[in-house]
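A.B. asks: run38.cif is reproduced below (mmCIF, all heavy atoms).
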data_data
loop_
_atom_site.label_atom_id
_atom_site.label_comp_id
_atom_site.auth_asym_id
_atom_site.auth_seq_id
_atom_site.Cartn_x
_atom_site.Cartn_y
_atom_site.Cartn_z
N MET Y 217 25.64 10.03 -14.28
CA MET Y 217 25.15 9.52 -13.02
C MET Y 217 24.04 10.41 -12.47
O MET Y 217 23.08 9.91 -11.93
CB MET Y 217 26.32 9.42 -12.03
CG MET Y 217 25.92 8.85 -10.71
SD MET Y 217 25.84 7.07 -10.76
CE MET Y 217 26.69 6.67 -9.31
N ALA Y 218 24.17 11.73 -12.64
CA ALA Y 218 23.16 12.64 -12.12
C ALA Y 218 21.82 12.46 -12.83
O ALA Y 218 20.77 12.66 -12.23
CB ALA Y 218 23.64 14.08 -12.26
N ALA Y 219 21.84 12.08 -14.10
CA ALA Y 219 20.60 11.88 -14.84
C ALA Y 219 19.86 10.64 -14.36
O ALA Y 219 18.67 10.49 -14.59
CB ALA Y 219 20.90 11.76 -16.32
N ARG Y 220 20.57 9.75 -13.70
CA ARG Y 220 19.97 8.51 -13.23
C ARG Y 220 18.99 8.74 -12.08
O ARG Y 220 17.98 8.04 -11.98
CB ARG Y 220 21.10 7.59 -12.79
CG ARG Y 220 20.67 6.20 -12.56
CD ARG Y 220 21.86 5.32 -12.28
NE ARG Y 220 21.44 4.30 -11.37
CZ ARG Y 220 22.24 3.55 -10.68
NH1 ARG Y 220 23.53 3.70 -10.79
NH2 ARG Y 220 21.79 2.63 -9.88
N VAL Y 221 19.27 9.70 -11.23
CA VAL Y 221 18.42 9.93 -10.04
C VAL Y 221 17.00 10.32 -10.45
O VAL Y 221 16.04 9.70 -9.96
CB VAL Y 221 19.07 10.97 -9.11
CG1 VAL Y 221 18.14 11.34 -7.97
CG2 VAL Y 221 20.39 10.43 -8.57
N PRO Y 222 16.80 11.32 -11.32
CA PRO Y 222 15.42 11.63 -11.72
C PRO Y 222 14.75 10.47 -12.46
O PRO Y 222 13.55 10.24 -12.30
CB PRO Y 222 15.57 12.84 -12.64
CG PRO Y 222 16.90 13.40 -12.37
CD PRO Y 222 17.75 12.27 -11.87
N HIS Y 223 15.53 9.73 -13.23
CA HIS Y 223 14.96 8.59 -13.95
C HIS Y 223 14.46 7.54 -12.96
O HIS Y 223 13.35 7.02 -13.10
CB HIS Y 223 16.00 7.99 -14.89
CG HIS Y 223 15.54 6.72 -15.53
ND1 HIS Y 223 14.59 6.70 -16.52
CD2 HIS Y 223 15.89 5.43 -15.31
CE1 HIS Y 223 14.37 5.44 -16.88
NE2 HIS Y 223 15.15 4.66 -16.17
N LEU Y 224 15.26 7.21 -11.96
CA LEU Y 224 14.83 6.23 -10.96
C LEU Y 224 13.61 6.71 -10.20
O LEU Y 224 12.70 5.92 -9.91
CB LEU Y 224 15.98 5.95 -9.98
CG LEU Y 224 17.12 5.10 -10.52
CD1 LEU Y 224 18.23 5.00 -9.49
CD2 LEU Y 224 16.64 3.73 -10.93
N ALA Y 225 13.55 7.99 -9.89
CA ALA Y 225 12.38 8.53 -9.20
C ALA Y 225 11.14 8.39 -10.07
O ALA Y 225 10.06 8.03 -9.58
CB ALA Y 225 12.62 9.99 -8.82
N ALA Y 226 11.27 8.66 -11.37
CA ALA Y 226 10.13 8.54 -12.28
C ALA Y 226 9.69 7.08 -12.41
O ALA Y 226 8.49 6.79 -12.43
CB ALA Y 226 10.51 9.11 -13.64
N VAL Y 227 10.65 6.17 -12.49
CA VAL Y 227 10.30 4.75 -12.60
C VAL Y 227 9.59 4.27 -11.33
O VAL Y 227 8.58 3.59 -11.40
CB VAL Y 227 11.56 3.90 -12.88
CG1 VAL Y 227 11.28 2.42 -12.72
CG2 VAL Y 227 12.10 4.21 -14.27
N ARG Y 228 10.12 4.66 -10.18
CA ARG Y 228 9.50 4.23 -8.91
C ARG Y 228 8.12 4.83 -8.71
O ARG Y 228 7.31 4.29 -7.97
CB ARG Y 228 10.41 4.60 -7.75
CG ARG Y 228 11.62 3.72 -7.67
CD ARG Y 228 12.45 4.03 -6.44
NE ARG Y 228 13.58 3.13 -6.35
CZ ARG Y 228 14.82 3.51 -6.22
NH1 ARG Y 228 15.12 4.79 -6.12
NH2 ARG Y 228 15.80 2.63 -6.17
N ALA Y 229 7.82 5.95 -9.34
CA ALA Y 229 6.51 6.59 -9.21
C ALA Y 229 5.44 5.88 -10.03
O ALA Y 229 4.25 6.05 -9.77
CB ALA Y 229 6.60 8.05 -9.63
N GLU Y 230 5.84 5.07 -11.00
CA GLU Y 230 4.88 4.34 -11.82
C GLU Y 230 4.16 3.30 -10.97
O GLU Y 230 4.77 2.54 -10.22
CB GLU Y 230 5.59 3.62 -12.97
CG GLU Y 230 6.12 4.54 -14.02
CD GLU Y 230 5.03 5.17 -14.86
OE1 GLU Y 230 3.99 4.51 -15.10
OE2 GLU Y 230 5.21 6.32 -15.26
N ALA Y 231 2.84 3.25 -11.09
CA ALA Y 231 2.03 2.33 -10.27
C ALA Y 231 2.40 0.88 -10.52
O ALA Y 231 2.49 0.09 -9.57
CB ALA Y 231 0.55 2.55 -10.55
N THR Y 232 2.61 0.49 -11.77
CA THR Y 232 2.95 -0.90 -12.07
C THR Y 232 4.26 -1.30 -11.41
O THR Y 232 4.36 -2.39 -10.83
CB THR Y 232 3.06 -1.11 -13.59
OG1 THR Y 232 1.83 -0.74 -14.19
CG2 THR Y 232 3.37 -2.54 -13.94
N VAL Y 233 5.24 -0.43 -11.48
CA VAL Y 233 6.53 -0.73 -10.86
C VAL Y 233 6.37 -0.83 -9.35
O VAL Y 233 6.83 -1.79 -8.73
CB VAL Y 233 7.57 0.36 -11.23
CG1 VAL Y 233 8.85 0.18 -10.44
CG2 VAL Y 233 7.85 0.35 -12.71
N ARG Y 234 5.70 0.13 -8.78
CA ARG Y 234 5.56 0.19 -7.33
C ARG Y 234 4.72 -0.97 -6.79
O ARG Y 234 5.03 -1.57 -5.76
CB ARG Y 234 4.91 1.53 -6.94
CG ARG Y 234 4.81 1.77 -5.47
CD ARG Y 234 4.14 3.10 -5.15
NE ARG Y 234 2.79 3.15 -5.69
CZ ARG Y 234 2.38 3.98 -6.67
NH1 ARG Y 234 3.22 4.82 -7.20
NH2 ARG Y 234 1.15 3.96 -7.11
N ASP Y 235 3.64 -1.34 -7.51
CA ASP Y 235 2.70 -2.34 -6.99
C ASP Y 235 3.01 -3.78 -7.39
O ASP Y 235 2.62 -4.71 -6.70
CB ASP Y 235 1.28 -1.99 -7.44
CG ASP Y 235 0.82 -0.63 -6.92
OD1 ASP Y 235 1.39 -0.16 -5.91
OD2 ASP Y 235 -0.08 -0.04 -7.54
N GLU Y 236 3.71 -3.96 -8.52
CA GLU Y 236 3.93 -5.32 -9.01
C GLU Y 236 5.40 -5.72 -9.07
O GLU Y 236 5.77 -6.80 -8.63
CB GLU Y 236 3.31 -5.49 -10.40
CG GLU Y 236 1.80 -5.30 -10.41
CD GLU Y 236 1.22 -5.37 -11.80
OE1 GLU Y 236 1.85 -6.00 -12.67
OE2 GLU Y 236 0.16 -4.79 -12.02
N ILE Y 237 6.23 -4.86 -9.63
CA ILE Y 237 7.62 -5.24 -9.88
C ILE Y 237 8.47 -5.15 -8.63
O ILE Y 237 9.19 -6.10 -8.28
CB ILE Y 237 8.20 -4.38 -11.02
CG1 ILE Y 237 7.41 -4.67 -12.30
CG2 ILE Y 237 9.68 -4.65 -11.20
CD1 ILE Y 237 7.73 -3.76 -13.45
N LEU Y 238 8.43 -4.03 -7.92
CA LEU Y 238 9.27 -3.87 -6.72
C LEU Y 238 9.00 -4.90 -5.64
O LEU Y 238 9.94 -5.42 -5.04
CB LEU Y 238 9.16 -2.44 -6.18
CG LEU Y 238 9.82 -1.36 -7.04
CD1 LEU Y 238 9.62 0.01 -6.43
CD2 LEU Y 238 11.29 -1.64 -7.25
N PRO Y 239 7.72 -5.25 -5.36
CA PRO Y 239 7.49 -6.30 -4.35
C PRO Y 239 8.12 -7.65 -4.75
O PRO Y 239 8.66 -8.36 -3.91
CB PRO Y 239 5.97 -6.40 -4.26
CG PRO Y 239 5.49 -5.05 -4.68
CD PRO Y 239 6.44 -4.61 -5.74
N GLY Y 240 8.06 -7.99 -6.03
CA GLY Y 240 8.67 -9.23 -6.49
C GLY Y 240 10.18 -9.21 -6.35
O GLY Y 240 10.79 -10.21 -5.94
N ILE Y 241 10.78 -8.09 -6.68
CA ILE Y 241 12.23 -7.95 -6.53
C ILE Y 241 12.61 -8.07 -5.05
O ILE Y 241 13.57 -8.74 -4.70
CB ILE Y 241 12.72 -6.62 -7.12
CG1 ILE Y 241 12.58 -6.65 -8.65
CG2 ILE Y 241 14.16 -6.33 -6.71
CD1 ILE Y 241 12.85 -5.32 -9.32
N GLU Y 242 11.85 -7.43 -4.20
CA GLU Y 242 12.14 -7.47 -2.76
C GLU Y 242 12.01 -8.90 -2.21
O GLU Y 242 12.82 -9.34 -1.39
CB GLU Y 242 11.22 -6.52 -2.01
CG GLU Y 242 11.52 -6.40 -0.54
CD GLU Y 242 12.91 -5.82 -0.25
OE1 GLU Y 242 13.49 -5.14 -1.11
OE2 GLU Y 242 13.42 -6.08 0.85
N ARG Y 243 10.98 -9.64 -2.66
CA ARG Y 243 10.82 -11.04 -2.22
C ARG Y 243 12.03 -11.87 -2.62
O ARG Y 243 12.54 -12.65 -1.82
CB ARG Y 243 9.55 -11.65 -2.83
CG ARG Y 243 8.31 -11.44 -2.04
CD ARG Y 243 7.17 -12.32 -2.54
NE ARG Y 243 6.92 -12.19 -3.97
CZ ARG Y 243 6.19 -11.24 -4.55
NH1 ARG Y 243 5.63 -10.33 -3.81
NH2 ARG Y 243 6.02 -11.23 -5.84
N GLU Y 244 12.47 -11.72 -3.85
CA GLU Y 244 13.62 -12.51 -4.30
C GLU Y 244 14.91 -12.07 -3.61
O GLU Y 244 15.78 -12.89 -3.33
CB GLU Y 244 13.77 -12.40 -5.81
CG GLU Y 244 12.65 -13.13 -6.52
CD GLU Y 244 13.03 -13.58 -7.90
OE1 GLU Y 244 14.23 -13.64 -8.20
OE2 GLU Y 244 12.11 -13.88 -8.66
N ARG Y 245 15.03 -10.79 -3.33
CA ARG Y 245 16.23 -10.27 -2.70
C ARG Y 245 16.38 -10.78 -1.26
O ARG Y 245 17.47 -11.05 -0.78
CB ARG Y 245 16.19 -8.74 -2.70
CG ARG Y 245 17.49 -8.08 -2.31
CD ARG Y 245 17.39 -6.59 -2.35
NE ARG Y 245 16.57 -6.05 -1.30
CZ ARG Y 245 16.97 -5.88 -0.04
NH1 ARG Y 245 18.17 -6.21 0.31
NH2 ARG Y 245 16.15 -5.38 0.86
N THR Y 246 15.26 -10.95 -0.56
CA THR Y 246 15.31 -11.36 0.85
C THR Y 246 15.14 -12.87 1.03
O THR Y 246 15.31 -13.37 2.14
CB THR Y 246 14.24 -10.62 1.67
OG1 THR Y 246 12.96 -10.89 1.10
CG2 THR Y 246 14.49 -9.13 1.67
N ALA Y 247 14.83 -13.61 -0.03
CA ALA Y 247 14.63 -15.06 0.07
C ALA Y 247 15.97 -15.76 0.19
O ALA Y 247 17.03 -15.20 -0.10
CB ALA Y 247 13.89 -15.57 -1.16
N ALA Y 248 15.91 -17.00 0.60
CA ALA Y 248 17.11 -17.83 0.66
C ALA Y 248 17.66 -18.01 -0.75
O ALA Y 248 16.90 -18.05 -1.71
CB ALA Y 248 16.77 -19.19 1.27
N PRO Y 249 18.97 -18.14 -0.88
CA PRO Y 249 19.56 -18.33 -2.20
C PRO Y 249 19.06 -19.61 -2.86
O PRO Y 249 18.84 -20.62 -2.19
CB PRO Y 249 21.06 -18.43 -1.94
CG PRO Y 249 21.27 -17.96 -0.55
CD PRO Y 249 19.97 -18.09 0.17
N GLN Y 250 18.89 -19.56 -4.17
CA GLN Y 250 18.48 -20.74 -4.91
C GLN Y 250 19.72 -21.56 -5.27
O GLN Y 250 20.78 -21.00 -5.53
CB GLN Y 250 17.77 -20.36 -6.20
CG GLN Y 250 16.49 -19.63 -5.99
CD GLN Y 250 15.87 -19.25 -7.33
OE1 GLN Y 250 16.42 -19.46 -8.40
NE2 GLN Y 250 14.68 -18.68 -7.26
N GLN Y 251 19.56 -22.87 -5.26
CA GLN Y 251 20.65 -23.73 -5.70
C GLN Y 251 20.19 -24.43 -6.97
O GLN Y 251 19.20 -25.16 -6.96
CB GLN Y 251 20.99 -24.76 -4.63
CG GLN Y 251 21.66 -24.15 -3.43
CD GLN Y 251 22.23 -25.20 -2.51
OE1 GLN Y 251 22.18 -26.38 -2.79
NE2 GLN Y 251 22.79 -24.75 -1.41
N LEU Y 252 20.89 -24.17 -8.03
CA LEU Y 252 20.54 -24.76 -9.32
C LEU Y 252 21.52 -25.88 -9.64
O LEU Y 252 22.71 -25.76 -9.41
CB LEU Y 252 20.59 -23.69 -10.41
CG LEU Y 252 19.71 -22.47 -10.15
CD1 LEU Y 252 19.92 -21.44 -11.25
CD2 LEU Y 252 18.25 -22.85 -10.07
N ARG Y 253 21.01 -26.96 -10.19
CA ARG Y 253 21.87 -28.08 -10.58
C ARG Y 253 21.86 -28.17 -12.09
O ARG Y 253 20.82 -28.20 -12.71
CB ARG Y 253 21.34 -29.37 -9.98
CG ARG Y 253 21.43 -29.36 -8.45
CD ARG Y 253 21.19 -30.74 -7.94
NE ARG Y 253 22.23 -31.61 -8.43
CZ ARG Y 253 23.03 -32.34 -7.66
NH1 ARG Y 253 22.88 -32.28 -6.37
NH2 ARG Y 253 23.93 -33.12 -8.18
N LEU Y 254 23.04 -28.26 -12.65
CA LEU Y 254 23.16 -28.41 -14.10
C LEU Y 254 23.17 -29.89 -14.45
O LEU Y 254 23.76 -30.71 -13.74
CB LEU Y 254 24.44 -27.75 -14.59
CG LEU Y 254 24.56 -26.26 -14.32
CD1 LEU Y 254 25.91 -25.75 -14.82
CD2 LEU Y 254 23.43 -25.51 -14.99
N ALA Y 255 22.52 -30.22 -15.54
CA ALA Y 255 22.50 -31.60 -16.00
C ALA Y 255 22.97 -31.62 -17.45
O ALA Y 255 22.72 -30.69 -18.21
CB ALA Y 255 21.09 -32.16 -15.90
N PRO Y 256 23.66 -32.68 -17.84
CA PRO Y 256 24.12 -32.76 -19.22
C PRO Y 256 22.94 -32.88 -20.18
O PRO Y 256 21.90 -33.45 -19.86
CB PRO Y 256 24.98 -34.01 -19.25
CG PRO Y 256 24.61 -34.79 -18.06
CD PRO Y 256 24.06 -33.84 -17.06
N THR Y 257 23.12 -32.34 -21.36
CA THR Y 257 22.12 -32.46 -22.42
C THR Y 257 22.74 -33.28 -23.55
O THR Y 257 23.92 -33.63 -23.52
CB THR Y 257 21.70 -31.08 -22.96
OG1 THR Y 257 22.83 -30.48 -23.58
CG2 THR Y 257 21.17 -30.19 -21.85
N ALA Y 258 21.97 -33.56 -24.57
CA ALA Y 258 22.46 -34.34 -25.70
C ALA Y 258 23.62 -33.64 -26.39
O ALA Y 258 24.51 -34.28 -26.95
CB ALA Y 258 21.33 -34.60 -26.68
N ARG Y 259 23.66 -32.31 -26.36
CA ARG Y 259 24.70 -31.56 -27.05
C ARG Y 259 25.87 -31.17 -26.15
O ARG Y 259 26.85 -30.61 -26.63
CB ARG Y 259 24.09 -30.28 -27.64
CG ARG Y 259 23.07 -30.59 -28.72
CD ARG Y 259 22.52 -29.34 -29.32
NE ARG Y 259 23.61 -28.53 -29.86
CZ ARG Y 259 23.51 -27.28 -30.24
NH1 ARG Y 259 22.36 -26.67 -30.13
NH2 ARG Y 259 24.54 -26.62 -30.72
N SER Y 260 25.77 -31.43 -24.87
CA SER Y 260 26.83 -30.98 -23.98
C SER Y 260 28.04 -31.91 -24.02
O SER Y 260 27.94 -33.07 -24.43
CB SER Y 260 26.31 -30.86 -22.54
OG SER Y 260 26.08 -32.14 -22.01
N LEU Y 261 29.16 -31.39 -23.55
CA LEU Y 261 30.38 -32.20 -23.49
C LEU Y 261 30.63 -32.69 -22.07
O LEU Y 261 31.68 -33.29 -21.81
CB LEU Y 261 31.56 -31.35 -23.97
CG LEU Y 261 31.49 -30.90 -25.43
CD1 LEU Y 261 32.67 -29.99 -25.75
CD2 LEU Y 261 31.47 -32.09 -26.36
N ILE Y 262 29.71 -32.44 -21.16
CA ILE Y 262 29.87 -32.88 -19.78
C ILE Y 262 29.87 -34.41 -19.74
O ILE Y 262 28.97 -35.05 -20.27
CB ILE Y 262 28.76 -32.31 -18.88
CG1 ILE Y 262 28.81 -30.80 -18.87
CG2 ILE Y 262 28.84 -32.89 -17.47
CD1 ILE Y 262 27.66 -30.15 -18.14
N GLY Y 263 30.87 -34.97 -19.12
CA GLY Y 263 30.92 -36.43 -18.96
C GLY Y 263 31.49 -37.15 -20.16
O GLY Y 263 31.49 -38.38 -20.18
N THR Y 264 31.97 -36.44 -21.17
CA THR Y 264 32.57 -37.11 -22.32
C THR Y 264 34.04 -36.74 -22.41
O THR Y 264 34.45 -35.67 -21.97
CB THR Y 264 31.88 -36.71 -23.64
OG1 THR Y 264 32.05 -35.30 -23.83
CG2 THR Y 264 30.41 -37.02 -23.61
N ALA Y 265 34.80 -37.59 -22.94
CA ALA Y 265 36.23 -37.31 -23.13
C ALA Y 265 36.39 -36.37 -24.32
O ALA Y 265 35.78 -36.56 -25.36
CB ALA Y 265 36.99 -38.60 -23.38
N VAL Y 266 37.19 -35.39 -24.12
CA VAL Y 266 37.41 -34.41 -25.19
C VAL Y 266 38.74 -34.66 -25.86
O VAL Y 266 39.72 -34.97 -25.31
CB VAL Y 266 37.36 -32.96 -24.64
CG1 VAL Y 266 37.64 -31.96 -25.74
CG2 VAL Y 266 36.01 -32.72 -24.02
#
Kindly return the structure encoded in the file as structure tokens.
C.D. replies:
Amino acid sequence: MAARVPHLAAVRAEATVRDEILPGIERERTAAPQQLRLAPTARSLIGTAV
């Protein structure tokens, strides 16, 4: 666990992480939850008698 702290600091110091990845993560973290609907496919067993 102690090795994780310096690693996280090094990752956060990277410009790509700081400028591109973290803002995207923050947007998704604070956005409204997504609702996904599953639909049957040709190979699925949804809606068929087993």
A.B. asks: In Å to one decimal, how far is CB of Glu244 in chain Y from CA of Ser260 in chain Y?
C.D. replies: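 Interatomic distance, CA of Ser260 in chain Y to CB of Glu244 in chain Y: 29.1 Å.
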A.B. asks: Give me, please, the distance in Å between atom C of Pro222 in chain Y and CB of Pro239 in chain Y, quoted to one decimal.
C.D. replies: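 CB of Pro239 in chain Y lies at a distance of 20.7 Å from atom C of Pro222 in chain Y.
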A.B. asks: Just how far from atom N of Glu236 in chain Y is atom O of Gln250 in chain Y, in Å to one decimal?
C.D. replies: 24.3 Å
A.B. asks: Taking only chain Y into account, list the residues labelled alpha helix (DSSP H) by DSSP (computed from the backbone), as a VMD selection string.
C.D. replies: chain Y and resid 220 to 229 231 to 232 238 to 246
A.B. asks: Could you write those residues out with all heavy atoms, as a compact mmCIF listing (two decimals), in the frame of the given file?
C.D. replies:
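What landed in result_6.txt:
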# COMPACT_ATOMS: atom_id res chain seq x y z
N ARG Y 220 20.57 9.75 -13.70
CA ARG Y 220 19.97 8.51 -13.23
C ARG Y 220 18.99 8.74 -12.08
O ARG Y 220 17.98 8.04 -11.98
CB ARG Y 220 21.10 7.59 -12.79
CG ARG Y 220 20.67 6.20 -12.56
CD ARG Y 220 21.86 5.32 -12.28
NE ARG Y 220 21.44 4.30 -11.37
CZ ARG Y 220 22.24 3.55 -10.68
NH1 ARG Y 220 23.53 3.70 -10.79
NH2 ARG Y 220 21.79 2.63 -9.88
N VAL Y 221 19.27 9.70 -11.23
CA VAL Y 221 18.42 9.93 -10.04
C VAL Y 221 17.00 10.32 -10.45
O VAL Y 221 16.04 9.70 -9.96
CB VAL Y 221 19.07 10.97 -9.11
CG1 VAL Y 221 18.14 11.34 -7.97
CG2 VAL Y 221 20.39 10.43 -8.57
N PRO Y 222 16.80 11.32 -11.32
CA PRO Y 222 15.42 11.63 -11.72
C PRO Y 222 14.75 10.47 -12.46
O PRO Y 222 13.55 10.24 -12.30
CB PRO Y 222 15.57 12.84 -12.64
CG PRO Y 222 16.90 13.40 -12.37
CD PRO Y 222 17.75 12.27 -11.87
N HIS Y 223 15.53 9.73 -13.23
CA HIS Y 223 14.96 8.59 -13.95
C HIS Y 223 14.46 7.54 -12.96
O HIS Y 223 13.35 7.02 -13.10
CB HIS Y 223 16.00 7.99 -14.89
CG HIS Y 223 15.54 6.72 -15.53
ND1 HIS Y 223 14.59 6.70 -16.52
CD2 HIS Y 223 15.89 5.43 -15.31
CE1 HIS Y 223 14.37 5.44 -16.88
NE2 HIS Y 223 15.15 4.66 -16.17
N LEU Y 224 15.26 7.21 -11.96
CA LEU Y 224 14.83 6.23 -10.96
C LEU Y 224 13.61 6.71 -10.20
O LEU Y 224 12.70 5.92 -9.91
CB LEU Y 224 15.98 5.95 -9.98
CG LEU Y 224 17.12 5.10 -10.52
CD1 LEU Y 224 18.23 5.00 -9.49
CD2 LEU Y 224 16.64 3.73 -10.93
N ALA Y 225 13.55 7.99 -9.89
CA ALA Y 225 12.38 8.53 -9.20
C ALA Y 225 11.14 8.39 -10.07
O ALA Y 225 10.06 8.03 -9.58
CB ALA Y 225 12.62 9.99 -8.82
N ALA Y 226 11.27 8.66 -11.37
CA ALA Y 226 10.13 8.54 -12.28
C ALA Y 226 9.69 7.08 -12.41
O ALA Y 226 8.49 6.79 -12.43
CB ALA Y 226 10.51 9.11 -13.64
N VAL Y 227 10.65 6.17 -12.49
CA VAL Y 227 10.30 4.75 -12.60
C VAL Y 227 9.59 4.27 -11.33
O VAL Y 227 8.58 3.59 -11.40
CB VAL Y 227 11.56 3.90 -12.88
CG1 VAL Y 227 11.28 2.42 -12.72
CG2 VAL Y 227 12.10 4.21 -14.27
N ARG Y 228 10.12 4.66 -10.18
CA ARG Y 228 9.50 4.23 -8.91
C ARG Y 228 8.12 4.83 -8.71
O ARG Y 228 7.31 4.29 -7.97
CB ARG Y 228 10.41 4.60 -7.75
CG ARG Y 228 11.62 3.72 -7.67
CD ARG Y 228 12.45 4.03 -6.44
NE ARG Y 228 13.58 3.13 -6.35
CZ ARG Y 228 14.82 3.51 -6.22
NH1 ARG Y 228 15.12 4.79 -6.12
NH2 ARG Y 228 15.80 2.63 -6.17
N ALA Y 229 7.82 5.95 -9.34
CA ALA Y 229 6.51 6.59 -9.21
C ALA Y 229 5.44 5.88 -10.03
O ALA Y 229 4.25 6.05 -9.77
CB ALA Y 229 6.60 8.05 -9.63
N ALA Y 231 2.84 3.25 -11.09
CA ALA Y 231 2.03 2.33 -10.27
C ALA Y 231 2.40 0.88 -10.52
O ALA Y 231 2.49 0.09 -9.57
CB ALA Y 231 0.55 2.55 -10.55
N THR Y 232 2.61 0.49 -11.77
CA THR Y 232 2.95 -0.90 -12.07
C THR Y 232 4.26 -1.30 -11.41
O THR Y 232 4.36 -2.39 -10.83
CB THR Y 232 3.06 -1.11 -13.59
OG1 THR Y 232 1.83 -0.74 -14.19
CG2 THR Y 232 3.37 -2.54 -13.94
N LEU Y 238 8.43 -4.03 -7.92
CA LEU Y 238 9.27 -3.87 -6.72
C LEU Y 238 9.00 -4.90 -5.64
O LEU Y 238 9.94 -5.42 -5.04
CB LEU Y 238 9.16 -2.44 -6.18
CG LEU Y 238 9.82 -1.36 -7.04
CD1 LEU Y 238 9.62 0.01 -6.43
CD2 LEU Y 238 11.29 -1.64 -7.25
N PRO Y 239 7.72 -5.25 -5.36
CA PRO Y 239 7.49 -6.30 -4.35
C PRO Y 239 8.12 -7.65 -4.75
O PRO Y 239 8.66 -8.36 -3.91
CB PRO Y 239 5.97 -6.40 -4.26
CG PRO Y 239 5.49 -5.05 -4.68
CD PRO Y 239 6.44 -4.61 -5.74
N GLY Y 240 8.06 -7.99 -6.03
CA GLY Y 240 8.67 -9.23 -6.49
C GLY Y 240 10.18 -9.21 -6.35
O GLY Y 240 10.79 -10.21 -5.94
N ILE Y 241 10.78 -8.09 -6.68
CA ILE Y 241 12.23 -7.95 -6.53
C ILE Y 241 12.61 -8.07 -5.05
O ILE Y 241 13.57 -8.74 -4.70
CB ILE Y 241 12.72 -6.62 -7.12
CG1 ILE Y 241 12.58 -6.65 -8.65
CG2 ILE Y 241 14.16 -6.33 -6.71
CD1 ILE Y 241 12.85 -5.32 -9.32
N GLU Y 242 11.85 -7.43 -4.20
CA GLU Y 242 12.14 -7.47 -2.76
C GLU Y 242 12.01 -8.90 -2.21
O GLU Y 242 12.82 -9.34 -1.39
CB GLU Y 242 11.22 -6.52 -2.01
CG GLU Y 242 11.52 -6.40 -0.54
CD GLU Y 242 12.91 -5.82 -0.25
OE1 GLU Y 242 13.49 -5.14 -1.11
OE2 GLU Y 242 13.42 -6.08 0.85
N ARG Y 243 10.98 -9.64 -2.66
CA ARG Y 243 10.82 -11.04 -2.22
C ARG Y 243 12.03 -11.87 -2.62
O ARG Y 243 12.54 -12.65 -1.82
CB ARG Y 243 9.55 -11.65 -2.83
CG ARG Y 243 8.31 -11.44 -2.04
CD ARG Y 243 7.17 -12.32 -2.54
NE ARG Y 243 6.92 -12.19 -3.97
CZ ARG Y 243 6.19 -11.24 -4.55
NH1 ARG Y 243 5.63 -10.33 -3.81
NH2 ARG Y 243 6.02 -11.23 -5.84
N GLU Y 244 12.47 -11.72 -3.85
CA GLU Y 244 13.62 -12.51 -4.30
C GLU Y 244 14.91 -12.07 -3.61
O GLU Y 244 15.78 -12.89 -3.33
CB GLU Y 244 13.77 -12.40 -5.81
CG GLU Y 244 12.65 -13.13 -6.52
CD GLU Y 244 13.03 -13.58 -7.90
OE1 GLU Y 244 14.23 -13.64 -8.20
OE2 GLU Y 244 12.11 -13.88 -8.66
N ARG Y 245 15.03 -10.79 -3.33
CA ARG Y 245 16.23 -10.27 -2.70
C ARG Y 245 16.38 -10.78 -1.26
O ARG Y 245 17.47 -11.05 -0.78
CB ARG Y 245 16.19 -8.74 -2.70
CG ARG Y 245 17.49 -8.08 -2.31
CD ARG Y 245 17.39 -6.59 -2.35
NE ARG Y 245 16.57 -6.05 -1.30
CZ ARG Y 245 16.97 -5.88 -0.04
NH1 ARG Y 245 18.17 -6.21 0.31
NH2 ARG Y 245 16.15 -5.38 0.86
N THR Y 246 15.26 -10.95 -0.56
CA THR Y 246 15.31 -11.36 0.85
C THR Y 246 15.14 -12.87 1.03
O THR Y 246 15.31 -13.37 2.14
CB THR Y 246 14.24 -10.62 1.67
OG1 THR Y 246 12.96 -10.89 1.10
CG2 THR Y 246 14.49 -9.13 1.67
A.B. asks: Can you report as lines of an AutoDock Vina configuration file the centre and edge lengths in Å, to one decimal, of an axis-aligned box around the listed atoms of range 238-246 of chain Y padded with 5 Å on each side?
C.D. replies:
center_x = 11.8
center_y = -6.9
center_z = -3.6
size_x = 22.7
size_y = 23.9
size_z = 21.5
